[in-house]
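For reference, the structure is listed below as structure tokens.
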Amino acid sequence: MLRDEVGSGLRPLSDLPAPRLGIIGGGQLAKMTASAASELGCEVVILERAADFPAQSLDTHTIIGDWDRPEDLARLAGLVDVVTLENEFIPSEALLTIERLGKPLWPSARTMSIVQDKLEQKRAFEAAGLPVVRFAAVDSIDSIRAFGLPAVLKRRRNGYDGKGNASVGSAADLVGAWARLDGDHQSLYVEEFCPFVREVAIIVTRSQRGEVAVYPLVETVNHHHICHEVTVPAAVAPSVAEAAADLARRALETIGGVGTFGMEFFLLADNKLLINEIAPRVHNTGHYTIEASHCSQFENHVRAVLGWPLGSPELVAKAAAMVNLLGEADGKGAPHGMKDALAVPGAHVHVYGKTRSAKGRKMGHVTALGSTPAEALATARAAARHIRFGDRT
């Protein structure tokens with residue numbers, strides 16, 4: 001049902017000064033996207049499974065339902081002009097419901113069918129001549145052994161922030177990795193271990209007309225497959241940054257992507273880039289763009305899916321950095337240490353409003369600008385070290 005207390009609170013679409021945007025999912029990505037949409041005069045309707053979610057703190061309308069149910073997707077489609085999504089977990093077969101009703105959906109069901117299955121994503125990029133790590137489908141422990149070790153075993157669907165990945169360094173790791181990812185019941189694939197020297201990422205937005213905005217290449221620091229820090233611009237040769245931008249453009253053309261996407265790469269010692277994966281949505285490595293770019297990844301996503309001209313992805317300062325705020329333990333989602341964090345000059349604190357903390361859960365982030373990436377990172381770290389989420393023992 002709609003969360004509004006009296007009626008739906010929704011005017012007829014024909015009376016709106018700007019389009020009404022539907023978002024499937026109500027987490028922090030939807031919250032920041034909805035904020036950008038509201039600044040452009042748009043109303044937002046969010047489809048979520050439960051009434052407690054980060055984007056509810058905004059003046060949005062909500063349908064409580066299941067994005068796997070065609071009838072709930074159809075209801076959302078009937079209330080908005082355009083539909084987008086904040087995660088890649090909605091089955092592409094369900095998303096077809098929206099398109100069959102004649103409602104624009106970006107990214108499209110076809111794009112999602114390619115991207116949300118990471119094995120199919122790899123196959124599509126390889127077929128297009130884009131560089132990826134060696135990979136293969138696997139259906140048994142023996143097939144992983146035959147592929148060769150060391151390797152990384154992954155679920156084909158619904159993996160993120162290290163959930164759905166298992167490193168396999170030797171034969172002794174095989175049984176545990178297979179059990180951890182429930183290989184007897186889940187579809188898995190395997191990738192060759194990549195001896196990268198850096199992990200870098202790029203945000204790219206592509207419009208319905210094929211206009212492309214490519215953000216600067218960033219360097220990421222990840223622990224246990226979770227992003228901890230981002231600095232921009234990445235300390236790489238200009239040729240590497242240009243190659244990453246070209247690969248991002250080609251990747252979006254390959255999958256017919258419309259909207260903002262995040263692409264992660266492995267950078268090898270010889271400066272060669274290998275595509276790790278692409279996310280069909282606004283991305284954690286692009287949160288710095290809210291303060292650091294002329295047009296944030298969120299605003300450009302809204303512009304792209306609504307068919308509007310894209311904004312400039314250029315930096316407003318020489319450098320920027322972001323530090324993720326991760327839960328330390330299970331507990332309440334209220335942050336501790338905000339006063340001290342906000343006293344740090346130049347730090348921009350974003351708290352997502354999640355009611356519960358869990359170890360490693362993304363609860364917020366801090367960004368900062370600077371004359372160098374190191375300077376910006378020092379400011380962001382200074383604020384971030386004051387904030388904690390979850391009960392501390």
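Letters for chains follow the order of the structure tokens (A, B, ...), residue numbers begin at 1 for each chain, and ligand numbers begin at 1 in the order shown.
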Residue list (alpha helix (DSSP H), DSSP) for stretch 283-330 of chain A, as a PyMOL selection string: chain A and resi 289-292+297-306
Exercise: stretch 252-256 of chain A partners within 6 Å, only C-alpha atoms, chain neighbours under 2 positions left out, as a ChimeraX atom specification: /A:111,249-250
Contacts of A:Thr62 within 12 Å, only C-alpha atoms, excl. fewer than 6 positions in-chain, as a VMD selection string: chain A and resid 1 to 5 8 to 10 21 to 26 30 34 43 to 56 72 75 to 76 79 to 80
Output file for the residues above (N, CA and C atoms, as a short mmCIF file (atom, residue, chain, number, x, y, z; two decimals), in the first residue's frame):
```
data_model
loop_
_atom_site.label_atom_id
_atom_site.label_comp_id
_atom_site.auth_asym_id
_atom_site.auth_seq_id
_atom_site.Cartn_x
_atom_site.Cartn_y
_atom_site.Cartn_z
N MET A 1 0.84 -1.19 0.00
CA MET A 1 0.00 0.00 0.00
C MET A 1 0.87 1.24 0.00
N LEU A 2 0.30 2.37 -0.35
CA LEU A 2 1.06 3.62 -0.30
C LEU A 2 1.21 4.06 1.15
N ARG A 3 2.36 4.59 1.48
CA ARG A 3 2.66 4.94 2.86
C ARG A 3 1.96 6.22 3.31
N ASP A 4 1.47 7.04 2.36
CA ASP A 4 0.85 8.31 2.73
C ASP A 4 -0.31 8.07 3.70
N GLU A 5 -0.46 8.94 4.71
CA GLU A 5 -1.48 8.74 5.73
C GLU A 5 -2.87 9.03 5.21
N SER A 8 -3.44 8.92 -1.46
CA SER A 8 -2.14 8.62 -2.03
C SER A 8 -1.22 9.83 -2.04
N GLY A 9 -1.79 11.03 -1.99
CA GLY A 9 -0.98 12.22 -2.07
C GLY A 9 -0.40 12.46 -3.44
N LEU A 10 -0.82 11.70 -4.42
CA LEU A 10 -0.26 11.78 -5.76
C LEU A 10 -1.21 12.50 -6.70
N LEU A 21 9.27 9.83 -11.19
CA LEU A 21 10.23 8.75 -11.31
C LEU A 21 9.91 7.63 -10.34
N GLY A 22 9.88 6.41 -10.84
CA GLY A 22 9.71 5.24 -9.99
C GLY A 22 11.05 4.56 -9.76
N ILE A 23 11.33 4.19 -8.52
CA ILE A 23 12.58 3.50 -8.19
C ILE A 23 12.25 2.19 -7.50
N ILE A 24 12.80 1.10 -8.02
CA ILE A 24 12.62 -0.20 -7.39
C ILE A 24 13.75 -0.39 -6.39
N GLY A 25 13.40 -0.46 -5.11
CA GLY A 25 14.38 -0.53 -4.04
C GLY A 25 14.49 0.80 -3.32
N GLY A 26 14.68 0.75 -1.99
CA GLY A 26 14.67 1.98 -1.21
C GLY A 26 15.87 2.17 -0.31
N ALA A 30 18.89 4.56 -3.58
CA ALA A 30 17.61 5.18 -3.92
C ALA A 30 17.45 6.52 -3.21
N ALA A 34 16.85 9.78 -5.27
CA ALA A 34 15.61 10.53 -5.06
C ALA A 34 15.89 11.97 -4.67
N GLU A 43 8.74 14.21 -8.64
CA GLU A 43 8.23 13.39 -7.55
C GLU A 43 8.79 11.99 -7.73
N VAL A 44 8.91 11.26 -6.63
CA VAL A 44 9.50 9.93 -6.65
C VAL A 44 8.56 8.95 -5.96
N VAL A 45 8.38 7.79 -6.57
CA VAL A 45 7.62 6.70 -5.97
C VAL A 45 8.56 5.51 -5.85
N ILE A 46 8.67 4.95 -4.65
CA ILE A 46 9.61 3.85 -4.39
C ILE A 46 8.83 2.57 -4.07
N LEU A 47 9.24 1.48 -4.68
CA LEU A 47 8.71 0.16 -4.36
C LEU A 47 9.70 -0.55 -3.45
N GLU A 48 9.26 -0.87 -2.24
CA GLU A 48 10.11 -1.56 -1.27
C GLU A 48 9.33 -2.69 -0.61
N ARG A 49 10.08 -3.64 -0.05
CA ARG A 49 9.47 -4.82 0.55
C ARG A 49 8.99 -4.59 1.97
N ALA A 50 9.58 -3.63 2.67
CA ALA A 50 9.20 -3.34 4.05
C ALA A 50 9.19 -1.84 4.24
N ALA A 51 8.49 -1.39 5.29
CA ALA A 51 8.29 0.05 5.49
C ALA A 51 9.50 0.76 6.08
N ASP A 52 10.51 0.03 6.50
CA ASP A 52 11.68 0.60 7.15
C ASP A 52 12.86 0.56 6.18
N PHE A 53 13.18 1.71 5.58
CA PHE A 53 14.27 1.74 4.60
C PHE A 53 14.83 3.16 4.53
N PRO A 54 16.10 3.32 4.11
CA PRO A 54 16.75 4.63 4.15
C PRO A 54 16.03 5.74 3.41
N ALA A 55 15.48 5.45 2.21
CA ALA A 55 14.88 6.52 1.41
C ALA A 55 13.56 7.03 1.97
N GLN A 56 12.99 6.38 2.99
CA GLN A 56 11.72 6.83 3.53
C GLN A 56 11.84 8.18 4.23
N ASP A 72 2.82 -6.00 -8.34
CA ASP A 72 3.38 -4.85 -7.63
C ASP A 72 4.20 -3.97 -8.57
N ARG A 75 1.78 -1.97 -10.57
CA ARG A 75 1.22 -0.84 -9.84
C ARG A 75 2.17 0.34 -9.84
N LEU A 76 3.45 0.05 -9.62
CA LEU A 76 4.45 1.12 -9.68
C LEU A 76 4.45 1.76 -11.07
N LEU A 79 1.89 4.43 -11.80
CA LEU A 79 1.93 5.68 -11.05
C LEU A 79 3.02 6.64 -11.50
N VAL A 80 3.89 6.19 -12.43
CA VAL A 80 5.06 6.99 -12.77
C VAL A 80 5.22 7.09 -14.29
#
```
Please identify every residue of stretch 1-114 of chain A that has at least one atom no farther than 10 Å from an atom of stretch 119-136 of chain A, counting only C-alpha atoms, and for each give the shortest atom pair and the distance in Å to one decimal, arranged by chain then increasing number, as a tab-separated table.
```
residue	atom	partner	partner_atom	distance
A:Thr111	CA	A:Gln121	CA	9.7
A:Met112	CA	A:Gln121	CA	9.6
A:Ser113	CA	A:Glu120	CA	8.3
A:Ile114	CA	A:Gln121	CA	5.4
```
Would you mind listing what lies within 10 Å of stretch 140-152 of chain A as a PDB file with C-alpha atoms, in the first residue's frame, with only C-alpha atoms counted and same-chain residues fewer than 3 positions away left out?
```pdb
ATOM      1  CA  ARG A 134      39.935 -16.014 -17.639  1.00  0.00           C
ATOM      2  CA  PHE A 135      36.695 -17.595 -16.389  1.00  0.00           C
ATOM      3  CA  ALA A 136      34.495 -20.658 -16.726  1.00  0.00           C
ATOM      4  CA  ALA A 137      31.202 -22.101 -15.539  1.00  0.00           C
ATOM      5  CA  ASN A 165      32.788 -14.805  -3.388  1.00  0.00           C
ATOM      6  CA  ALA A 166      35.327 -17.275  -2.052  1.00  0.00           C
ATOM      7  CA  SER A 167      39.058 -17.325  -2.699  1.00  0.00           C
ATOM      8  CA  VAL A 168      40.502 -20.741  -3.489  1.00  0.00           C
ATOM      9  CA  GLY A 169      44.242 -20.707  -2.996  1.00  0.00           C
ATOM     10  CA  SER A 170      44.849 -24.440  -2.980  1.00  0.00           C
ATOM     11  CA  ALA A 171      43.089 -27.779  -3.240  1.00  0.00           C
ATOM     12  CA  ASP A 173      40.272 -24.713   0.127  1.00  0.00           C
ATOM     13  CA  LEU A 174      37.951 -26.334  -2.416  1.00  0.00           C
ATOM     14  CA  VAL A 175      35.516 -28.162  -0.158  1.00  0.00           C
ATOM     15  CA  ALA A 177      34.588 -22.695  -0.645  1.00  0.00           C
ATOM     16  CA  TRP A 178      32.050 -24.926  -2.384  1.00  0.00           C
ATOM     17  CA  ALA A 179      30.085 -25.380   0.841  1.00  0.00           C
ATOM     18  CA  GLY A 183      27.510 -24.987  -4.751  1.00  0.00           C
ATOM     19  CA  ASP A 184      25.135 -27.946  -4.629  1.00  0.00           C
ATOM     20  CA  LEU A 188      28.594 -20.754  -9.679  1.00  0.00           C
ATOM     21  CA  TYR A 189      31.472 -19.789 -11.910  1.00  0.00           C
ATOM     22  CA  VAL A 190      35.197 -19.435 -11.390  1.00  0.00           C
ATOM     23  CA  GLU A 191      37.733 -16.759 -12.304  1.00  0.00           C
ATOM     24  CA  GLU A 192      41.489 -17.011 -12.515  1.00  0.00           C
ATOM     25  CA  PHE A 193      43.220 -15.247  -9.651  1.00  0.00           C
ATOM     26  CA  CYS A 194      44.410 -11.884 -10.967  1.00  0.00           C
TER      27      CYS A 194
END
```
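If only C-alpha atoms are the atoms counted, then among A:Ser92, A:Thr84, A:Thr285, A:Gln28 the closest residue to A:His350 is A:Gln28.
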Contacts of A:His228 within 6 Å, only C-alpha atoms, excl. fewer than 5 positions in-chain, as JSON, numbers by chain: {"A": [221, 222, 323, 324]}
With N, CA and C atoms kept, could you save the residues just selected as a PDB file, in the first residue's frame?
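result_7.pdb, written as the output of this step:
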```pdb
ATOM      1  N   VAL A 221      40.440   1.160  -2.364  1.00  0.00           N
ATOM      2  CA  VAL A 221      41.089   0.266  -1.405  1.00  0.00           C
ATOM      3  C   VAL A 221      40.012  -0.638  -0.853  1.00  0.00           C
ATOM      4  N   ASN A 222      40.177  -1.936  -1.070  1.00  0.00           N
ATOM      5  CA  ASN A 222      39.170  -2.917  -0.668  1.00  0.00           C
ATOM      6  C   ASN A 222      39.769  -3.911   0.328  1.00  0.00           C
ATOM      7  N   VAL A 323      35.617   7.996   2.234  1.00  0.00           N
ATOM      8  CA  VAL A 323      35.832   6.896   3.174  1.00  0.00           C
ATOM      9  C   VAL A 323      34.473   6.334   3.546  1.00  0.00           C
ATOM     10  N   ASN A 324      34.291   5.035   3.351  1.00  0.00           N
ATOM     11  CA  ASN A 324      33.033   4.405   3.743  1.00  0.00           C
ATOM     12  C   ASN A 324      32.950   4.265   5.259  1.00  0.00           C
TER      13      ASN A 324
END
```
Nearest to A:Pro91 by atom-to-atom distance, counting only C-alpha atoms, from A:Lys103, A:Arg281, A:His225, A:Arg157: A:Arg157
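Compared by their closest atoms to A:Ala213, and using only C-alpha atoms, the residues A:Asp246, A:Asp182, A:Gly311, A:Ala241 rank with A:Gly311 nearest.
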A:Ala18 environment, 10 Å, only C-alpha atoms, sequence neighbours closer than 3 positions dropped, as number ranges by chain: A: 13-15, 21, 37-38, 40-43, 81, 306
Keeping only N, CA and C atoms, write the selected residues to a file as a compact mmCIF listing (two decimals), in the first residue's frame.
```txt
# COMPACT_ATOMS: atom_id res chain seq x y z
N LEU A 13 -0.57 12.35 -13.30
CA LEU A 13 0.69 12.56 -13.99
C LEU A 13 0.62 13.76 -14.92
N SER A 14 -0.53 13.98 -15.53
CA SER A 14 -0.67 15.08 -16.49
C SER A 14 -0.56 16.45 -15.84
N ASP A 15 -0.70 16.53 -14.50
CA ASP A 15 -0.63 17.80 -13.79
C ASP A 15 0.77 18.13 -13.28
N LEU A 21 9.27 9.83 -11.19
CA LEU A 21 10.23 8.75 -11.31
C LEU A 21 9.91 7.63 -10.34
N ALA A 37 16.68 13.74 -7.82
CA ALA A 37 15.48 13.91 -8.62
C ALA A 37 14.60 15.03 -8.09
N SER A 38 14.51 15.12 -6.76
CA SER A 38 13.67 16.16 -6.17
C SER A 38 14.20 17.55 -6.46
N LEU A 40 15.44 18.44 -9.15
CA LEU A 40 15.04 18.74 -10.52
C LEU A 40 13.52 18.85 -10.66
N GLY A 41 12.83 18.86 -9.54
CA GLY A 41 11.38 19.06 -9.55
C GLY A 41 10.57 17.80 -9.71
N CYS A 42 11.19 16.63 -9.63
CA CYS A 42 10.49 15.37 -9.84
C CYS A 42 9.90 14.84 -8.54
N GLU A 43 8.74 14.21 -8.64
CA GLU A 43 8.23 13.39 -7.55
C GLU A 43 8.79 11.99 -7.73
N ASP A 81 6.14 7.97 -14.69
CA ASP A 81 6.47 8.13 -16.11
C ASP A 81 7.60 7.22 -16.55
N LEU A 306 15.44 10.00 -17.76
CA LEU A 306 14.33 10.87 -18.16
C LEU A 306 14.50 11.43 -19.56
```
Given only C-alpha atoms as the counted atoms, nearest of A:Asp330, A:Pro216, A:Gly370, A:Ile275 to A:Glu314: A:Pro216
